[in-house]
Amino acid sequence: MDAISGDLNAPHSMGTTIIGVTYDGGVVLGADSRTSTGMYVANRASDKITQLTDNVYICRSGSAADSQIVSDYVRYYLHQHTIQLGQPATVKVAANLVRLIAYNNKNMLQTGLIVGGWDKYEGGKIYGIPLGGTILELPFTIGGSGSSYLYGFFDQVWKEGMTQDEAEKLVVKAVSLAIARDGASGGVVRTVTINKDGATRKFYPGESLPLWHEELEAKDSLLDILSAASPEPMVS
Amino acid sequence: MSSIGTGYDLSVTTFSPDGRVFQIEYAAKAVDNSGTVVAIRCKDGVVMGVEKLIASKMMLPGSNRRIHAVHRHSGMGVAGLAADGRQIVARAKSEATNYESVYGEPIPVKELAQRVASYVHLCTLYWWLRPFGCGVILGGYDRDGPQLYMVEPSGVSYEHISIASYEISLFYFLSFFSLVLYYKLSFIFASSLPQRYFGAAIGKGRQAAKTEIEKLKLSEMTCRQGVVEVAKIIYGVHDEAKDKAFELEMSWVCDESNRQHQKVPDELLEEAKSAAKAALEEMDAD
């Protein structure tokens with residue numbers, strides 16, 4: 001009991017699995033939905049993919065507070081930049097602004113981010129900005145605690161120039177694999193697909209995800225029994 | 001078109017009864033008295049040329065540069081007070097590097113032009129500052145293609161195919177090209193969104209230069225051809241009687257120069273000069 005109450009004061013951390021993948025014509029960003037405060041799941045349906053502009057989104061991992069504040073600042077700067085320029089900001093500019101904040105405040109922040117989007121000059125682009133504030137432009141990248149379990153998977157499955165459908169399926173499969181193995185990842189899978197036609201959100205509830213090796217199907221859960229005709233438990 | 005603004009021209013913060021700021025108009029005169037700067041936007045880049053009047057035979061050729069590189073992708077030609085011009089170039093360079101360190105990409109030429117225009121305009125708002133006594137032509141090549149801008153002492157900035165000189169309202173109709181060039185009172189239009197232009201000229205010979213530019217078919221011209229045309233124009237507008245010697249200074253930003261702003265290569269410059277001289281002789285021969 002003590003361990004649990006102590007944990008309630010721990011900072012909200014997003015255990016997390018986040019993924020960003022480019023395909024022929026755009027990018028797909030994916031994430032799980034678990035926000036944990038120690039062992040307690042503070043939010044089991046959180047949205048870790050945040051909008052920066054119409055065409056650029058960011059996946060957040062690590063400290064929830066830190067990643068939110070960084071996103072808020074960058075959204076504010078990008079908004080002004082867009083007005084000044086008279087046209088949508090490029091993904092590179094968004095990623096650079098994120099990187100400057102992450103690098104210059106590295107002592108205080110603990111957040112790994114993935115910036116992804118589409119602009120008319122470069123097309124779909126993914127930028128990974130891990131803990132220290134490095135910026136890396138990559139065809140795909142993964143982050144968060146659950147990503148440790150996905151490196152080998154991506155090494156084998158990744159290929160250049162996928163279709164939108166292939167990319168989305170890949171992302172959903174990868175996140176669900178990570179959820180199966182990482183205790184700090186869980187809940188639902190959310191994806192955002194960004195291309196020249198805009199950004200589309202998709203949602204994959206827990207039951208729609210495949211069960212992997214040794215995962216057990218829910219059985220005789222109190223929830224099933226309670227929702228039956230009789231309100232009496234243990235009476236079928 | 002100009003008149004003496006007796007009493008209303010003592011300060012840049014004073015309007016005259018007919019709505020003019022005379023100090024700005026006087027600043028523009030400094031530009032009008034300097035050597036001509038001509039620039040054109042061809043289909044693959046921008047070419048800039050300056051009629052650099054030589055003050056003294058003691059000066060080494062190549063000194064007193066009038067065209068400056070602002071960033072890898074853009075350069076600025078200056079007409080008017082040279083010291084003022086240096087200040088504007090320094091500011092433009094600083095804006096360009098600052099933008100790149102914050103946003104991680106080279107400054108779009110349009111944004112750079114707006115910042116320079118704001119800076120020039122700033123100096124027309126306070127009585128303790130004087131307007132810049134120089135106009136600049138900014139030519140650059142970014143991801144939106146080659147672009148040409150001009151900024152006048154009033155702070156007006158136009159994107160150019162053909163420059164709008166700072167003068168009173170005129171309506172220009174060129175039936176040959178069906179182009180309508182719009183000239184407006186500058187202080188109504190400070191740093192406004194531009195109409196697209198292909199060529200610009202400021203300085204002494206700008207009227208003649210503009211007439212020549214309008215005869216060119218710029219949308220079909222490459223920069224190589226453009227260099228020769230600009231040289232011809234400058235040699236053409238140079239007044240042999242009034243001014244003695246001049247040096248032709250040219251630069252370009254185009255596909256051939258890898259989208260970098262640089263001096264026009266020597267052999268091409270020589271070729272352009274001889275073509276220009278030949279064209280002059282042809283004209284004289286008539």
# chains A, B, ... in the order shown; residues from 1 in each chain; ligands from 1
>>> residues_around(residues="Gly152 (chain A)", least_positions_apart="5", cutoff="12 Å", atoms="only C-alpha atoms", output="list in words")
Ile142, Ser147, Val157, Trp158, Ala174, Leu177 and Ala178 of chain A
>>> write_last_selection(atoms="N, CA, C and O atoms", output="mmCIF file, in the first residue's frame")
data_model
loop_
_atom_site.group_PDB
_atom_site.id
_atom_site.type_symbol
_atom_site.label_atom_id
_atom_site.label_comp_id
_atom_site.auth_asym_id
_atom_site.auth_seq_id
_atom_site.Cartn_x
_atom_site.Cartn_y
_atom_site.Cartn_z
ATOM 1 N N ILE A 142 11.858 5.644 -33.866
ATOM 2 C CA ILE A 142 11.022 5.165 -32.761
ATOM 3 C C ILE A 142 11.532 5.788 -31.468
ATOM 4 O O ILE A 142 12.703 6.180 -31.366
ATOM 5 N N SER A 147 10.140 1.484 -27.205
ATOM 6 C CA SER A 147 10.858 1.389 -28.482
ATOM 7 C C SER A 147 12.007 0.395 -28.416
ATOM 8 O O SER A 147 12.415 -0.154 -29.441
ATOM 9 N N VAL A 157 11.621 -5.276 -40.926
ATOM 10 C CA VAL A 157 10.398 -5.024 -41.684
ATOM 11 C C VAL A 157 10.428 -3.740 -42.517
ATOM 12 O O VAL A 157 9.707 -3.601 -43.490
ATOM 13 N N TRP A 158 11.273 -2.796 -42.150
ATOM 14 C CA TRP A 158 11.265 -1.491 -42.828
ATOM 15 C C TRP A 158 11.643 -1.604 -44.301
ATOM 16 O O TRP A 158 12.567 -2.309 -44.664
ATOM 17 N N ALA A 174 3.542 -2.392 -34.924
ATOM 18 C CA ALA A 174 4.712 -2.127 -34.087
ATOM 19 C C ALA A 174 4.292 -1.650 -32.698
ATOM 20 O O ALA A 174 4.805 -2.129 -31.682
ATOM 21 N N LEU A 177 2.940 -4.472 -30.621
ATOM 22 C CA LEU A 177 4.018 -5.355 -30.150
ATOM 23 C C LEU A 177 4.703 -4.761 -28.927
ATOM 24 O O LEU A 177 5.002 -5.464 -27.955
ATOM 25 N N ALA A 178 4.948 -3.475 -28.987
ATOM 26 C CA ALA A 178 5.615 -2.820 -27.858
ATOM 27 C C ALA A 178 4.729 -2.823 -26.625
ATOM 28 O O ALA A 178 5.192 -3.046 -25.505
#
>>> closest_atom_pairs(of="chain B", to="chain A", cutoff="10 Å", atoms="only C-alpha atoms", output="JSON lines")
{"residue": "B:Glu100", "atom": "CA", "partner": "A:Val93", "partner_atom": "CA", "distance": 9.6}
{"residue": "B:Ser101", "atom": "CA", "partner": "A:Asn96", "partner_atom": "CA", "distance": 9.0}
{"residue": "B:Val102", "atom": "CA", "partner": "A:Leu97", "partner_atom": "CA", "distance": 6.8}
{"residue": "B:Tyr103", "atom": "CA", "partner": "A:Val93", "partner_atom": "CA", "distance": 5.0}
{"residue": "B:Gly104", "atom": "CA", "partner": "A:Asn96", "partner_atom": "CA", "distance": 5.7}
{"residue": "B:Glu105", "atom": "CA", "partner": "A:Val93", "partner_atom": "CA", "distance": 6.9}
{"residue": "B:Pro108", "atom": "CA", "partner": "A:Leu85", "partner_atom": "CA", "distance": 8.5}
{"residue": "B:Lys110", "atom": "CA", "partner": "A:Leu85", "partner_atom": "CA", "distance": 8.3}
{"residue": "B:Glu111", "atom": "CA", "partner": "A:Leu85", "partner_atom": "CA", "distance": 6.7}
{"residue": "B:Gln114", "atom": "CA", "partner": "A:Gln84", "partner_atom": "CA", "distance": 9.6}
{"residue": "B:Arg143", "atom": "CA", "partner": "A:Tyr121", "partner_atom": "CA", "distance": 7.5}
{"residue": "B:Asp144", "atom": "CA", "partner": "A:Tyr121", "partner_atom": "CA", "distance": 9.0}
>>> write_last_selection(atoms="N, CA and C atoms", output="mmCIF file, in the first residue's frame")
data_model
loop_
_atom_site.group_PDB
_atom_site.id
_atom_site.type_symbol
_atom_site.label_atom_id
_atom_site.label_comp_id
_atom_site.auth_asym_id
_atom_site.auth_seq_id
_atom_site.Cartn_x
_atom_site.Cartn_y
_atom_site.Cartn_z
ATOM 1 N N GLU B 100 18.499 32.104 -39.970
ATOM 2 C CA GLU B 100 18.935 30.729 -40.184
ATOM 3 C C GLU B 100 19.246 30.032 -38.863
ATOM 4 N N SER B 101 19.773 30.757 -37.884
ATOM 5 C CA SER B 101 20.090 30.071 -36.631
ATOM 6 C C SER B 101 18.826 29.752 -35.837
ATOM 7 N N VAL B 102 17.765 30.510 -36.023
ATOM 8 C CA VAL B 102 16.520 30.204 -35.310
ATOM 9 C C VAL B 102 15.688 29.165 -36.049
ATOM 10 N N TYR B 103 15.544 29.329 -37.359
ATOM 11 C CA TYR B 103 14.616 28.472 -38.101
ATOM 12 C C TYR B 103 15.279 27.333 -38.850
ATOM 13 N N GLY B 104 16.601 27.319 -38.897
ATOM 14 C CA GLY B 104 17.281 26.173 -39.478
ATOM 15 C C GLY B 104 17.228 26.090 -40.980
ATOM 16 N N GLU B 105 16.782 27.151 -41.660
ATOM 17 C CA GLU B 105 16.784 27.135 -43.117
ATOM 18 C C GLU B 105 17.189 28.523 -43.606
ATOM 19 N N PRO B 108 14.007 33.048 -46.578
ATOM 20 C CA PRO B 108 13.366 33.269 -47.871
ATOM 21 C C PRO B 108 13.610 34.714 -48.305
ATOM 22 N N LYS B 110 11.912 36.818 -49.875
ATOM 23 C CA LYS B 110 10.782 37.725 -49.617
ATOM 24 C C LYS B 110 10.813 38.226 -48.172
ATOM 25 N N GLU B 111 11.112 37.313 -47.260
ATOM 26 C CA GLU B 111 11.179 37.667 -45.840
ATOM 27 C C GLU B 111 12.327 38.637 -45.597
ATOM 28 N N GLN B 114 11.390 42.049 -46.719
ATOM 29 C CA GLN B 114 10.466 42.699 -45.777
ATOM 30 C C GLN B 114 11.203 43.219 -44.559
ATOM 31 N N ARG B 143 13.944 28.626 -52.506
ATOM 32 C CA ARG B 143 13.150 27.485 -52.957
ATOM 33 C C ARG B 143 11.911 27.907 -53.740
ATOM 34 N N ASP B 144 11.572 29.187 -53.714
ATOM 35 C CA ASP B 144 10.451 29.660 -54.531
ATOM 36 C C ASP B 144 10.936 30.235 -55.853
#
>>> residues_around(residues="Ser67 (chain A)", least_positions_apart="6", cutoff="9 Å", atoms="only C-alpha atoms", output="PyMOL selection string")
chain A and resi 59-61+109-113
>>> atom_distance(atom1="CA of Thr163 (chain A)", atom2="CA of Tyr149 (chain A)")
24.4 Å
>>> residues_around(residues="region 21-23 of chain A", least_positions_apart="2", cutoff="7 Å", atoms="only C-alpha atoms", output="PyMOL selection string")
chain A and resi 19+25-29+124-126+139-141+161-164+167
>>> closest_residue(among="B:Ala83, B:Ala241, B:Ala90, B:Leu269", to="Cys134 (chain B)", atoms="only C-alpha atoms")
B:Ala83
>>> closest_residue(among="B:Asn98, B:Gln225, B:Val237, B:Gly140", to="Leu268 (chain B)", atoms="only C-alpha atoms")
B:Gln225
>>> select_by_dssp(residues="region 10-222 of chain A", states="alpha helix (DSSP H)", output="ChimeraX atom specification")
/A:64-85,91-104,151-157,164-181,222
>>> residues_around(residues="region 273-281 of chain B", least_positions_apart="6", cutoff="9 Å", atoms="only C-alpha atoms", output="list in words")
Val228, Glu229, Val230, Ala231, Lys232, Ile233, Ile234, Tyr235, Gly236 and Leu248 of chain B
>>> atom_distance(atom1="CA of Ala45 (chain A)", atom2="CA of Asp66 (chain A)")
18.9 Å
>>> residues_around(residues="Phe132 (chain B)", least_positions_apart="2", cutoff="9 Å", atoms="only C-alpha atoms", output="ChimeraX atom specification")
/B:24,27-28,80-81,84-85,88,120-121,123-124,130,134-135,152-154
>>> write_last_selection(atoms="N, CA, C and O atoms", output="JSON list (two decimals), in the first residue's frame")
[["chain", "number", "residue", "atom", "x", "y", "z"],
["B", 24, "ILE", "N", 11.89, 62.56, -46.91],
["B", 24, "ILE", "CA", 12.02, 61.29, -47.61],
["B", 24, "ILE", "C", 12.25, 61.52, -49.10],
["B", 24, "ILE", "O", 13.06, 60.85, -49.74],
["B", 27, "ALA", "N", 15.74, 62.47, -49.59],
["B", 27, "ALA", "CA", 16.62, 61.29, -49.49],
["B", 27, "ALA", "C", 16.64, 60.55, -50.81],
["B", 27, "ALA", "O", 17.69, 60.07, -51.25],
["B", 28, "ALA", "N", 15.48, 60.47, -51.43],
["B", 28, "ALA", "CA", 15.40, 59.78, -52.71],
["B", 28, "ALA", "C", 16.25, 60.48, -53.77],
["B", 28, "ALA", "O", 16.78, 59.84, -54.68],
["B", 80, "GLY", "N", 23.33, 55.36, -54.05],
["B", 80, "GLY", "CA", 23.14, 56.48, -53.13],
["B", 80, "GLY", "C", 24.34, 56.62, -52.23],
["B", 80, "GLY", "O", 25.47, 56.28, -52.58],
["B", 81, "LEU", "N", 24.13, 57.10, -51.02],
["B", 81, "LEU", "CA", 25.23, 57.31, -50.09],
["B", 81, "LEU", "C", 25.84, 55.97, -49.71],
["B", 81, "LEU", "O", 25.16, 55.10, -49.17],
["B", 84, "ASP", "N", 25.65, 54.78, -45.98],
["B", 84, "ASP", "CA", 24.31, 54.33, -45.62],
["B", 84, "ASP", "C", 24.06, 52.94, -46.17],
["B", 84, "ASP", "O", 23.46, 52.08, -45.52],
["B", 85, "GLY", "N", 24.56, 52.73, -47.39],
["B", 85, "GLY", "CA", 24.37, 51.44, -48.03],
["B", 85, "GLY", "C", 25.04, 50.33, -47.25],
["B", 85, "GLY", "O", 24.49, 49.24, -47.07],
["B", 88, "ILE", "N", 22.90, 49.24, -44.38],
["B", 88, "ILE", "CA", 21.76, 48.40, -44.77],
["B", 88, "ILE", "C", 22.22, 46.99, -45.07],
["B", 88, "ILE", "O", 21.59, 45.99, -44.66],
["B", 120, "VAL", "N", 14.58, 50.07, -42.99],
["B", 120, "VAL", "CA", 14.71, 51.36, -43.68],
["B", 120, "VAL", "C", 13.56, 52.29, -43.29],
["B", 120, "VAL", "O", 13.74, 53.48, -43.02],
["B", 121, "HIS", "N", 12.37, 51.71, -43.21],
["B", 121, "HIS", "CA", 11.19, 52.50, -42.86],
["B", 121, "HIS", "C", 11.28, 53.05, -41.43],
["B", 121, "HIS", "O", 10.85, 54.16, -41.13],
["B", 123, "CYS", "N", 13.70, 54.17, -39.92],
["B", 123, "CYS", "CA", 14.46, 55.41, -39.83],
["B", 123, "CYS", "C", 13.71, 56.61, -40.40],
["B", 123, "CYS", "O", 14.27, 57.69, -40.49],
["B", 124, "THR", "N", 12.47, 56.41, -40.81],
["B", 124, "THR", "CA", 11.68, 57.56, -41.27],
["B", 124, "THR", "C", 10.62, 57.93, -40.23],
["B", 124, "THR", "O", 9.77, 58.77, -40.48],
["B", 130, "ARG", "N", 17.77, 60.07, -39.37],
["B", 130, "ARG", "CA", 17.46, 60.53, -40.71],
["B", 130, "ARG", "C", 17.21, 59.33, -41.62],
["B", 130, "ARG", "O", 17.72, 58.25, -41.37],
["B", 134, "CYS", "N", 19.97, 55.95, -49.48],
["B", 134, "CYS", "CA", 20.30, 55.02, -50.54],
["B", 134, "CYS", "C", 19.17, 54.04, -50.77],
["B", 134, "CYS", "O", 18.40, 53.72, -49.86],
["B", 135, "GLY", "N", 19.07, 53.59, -51.99],
["B", 135, "GLY", "CA", 18.11, 52.55, -52.35],
["B", 135, "GLY", "C", 18.89, 51.28, -52.63],
["B", 135, "GLY", "O", 20.03, 51.33, -53.08],
["B", 152, "GLU", "N", 13.38, 51.36, -51.23],
["B", 152, "GLU", "CA", 13.72, 52.77, -51.38],
["B", 152, "GLU", "C", 13.87, 53.42, -50.01],
["B", 152, "GLU", "O", 13.46, 52.83, -49.02],
["B", 153, "PRO", "N", 14.40, 54.67, -49.97],
["B", 153, "PRO", "CA", 14.59, 55.34, -48.68],
["B", 153, "PRO", "C", 13.30, 55.46, -47.87],
["B", 153, "PRO", "O", 13.34, 55.55, -46.65],
["B", 154, "SER", "N", 12.16, 55.40, -48.55],
["B", 154, "SER", "CA", 10.92, 55.52, -47.79],
["B", 154, "SER", "C", 10.59, 54.24, -47.06],
["B", 154, "SER", "O", 9.74, 54.21, -46.17]]
>>> atom_distance(atom1="CA of Ile101 (chain A)", atom2="CA of Ser94 (chain B)")
21.8 Å
>>> select_by_dssp(residues="region 13-143 of chain A", states="strand (DSSP E)", output="PyMOL selection string")
chain A and resi 13-14+18-23+26-31+35-37+40-43+49-53+56-63+111-119+123-129+136-138+140-143
>>> residues_around(residues="Gly203 (chain B)", least_positions_apart="5", cutoff="7 Å", atoms="only C-alpha atoms", output="ChimeraX atom specification")
/B:31-37,79
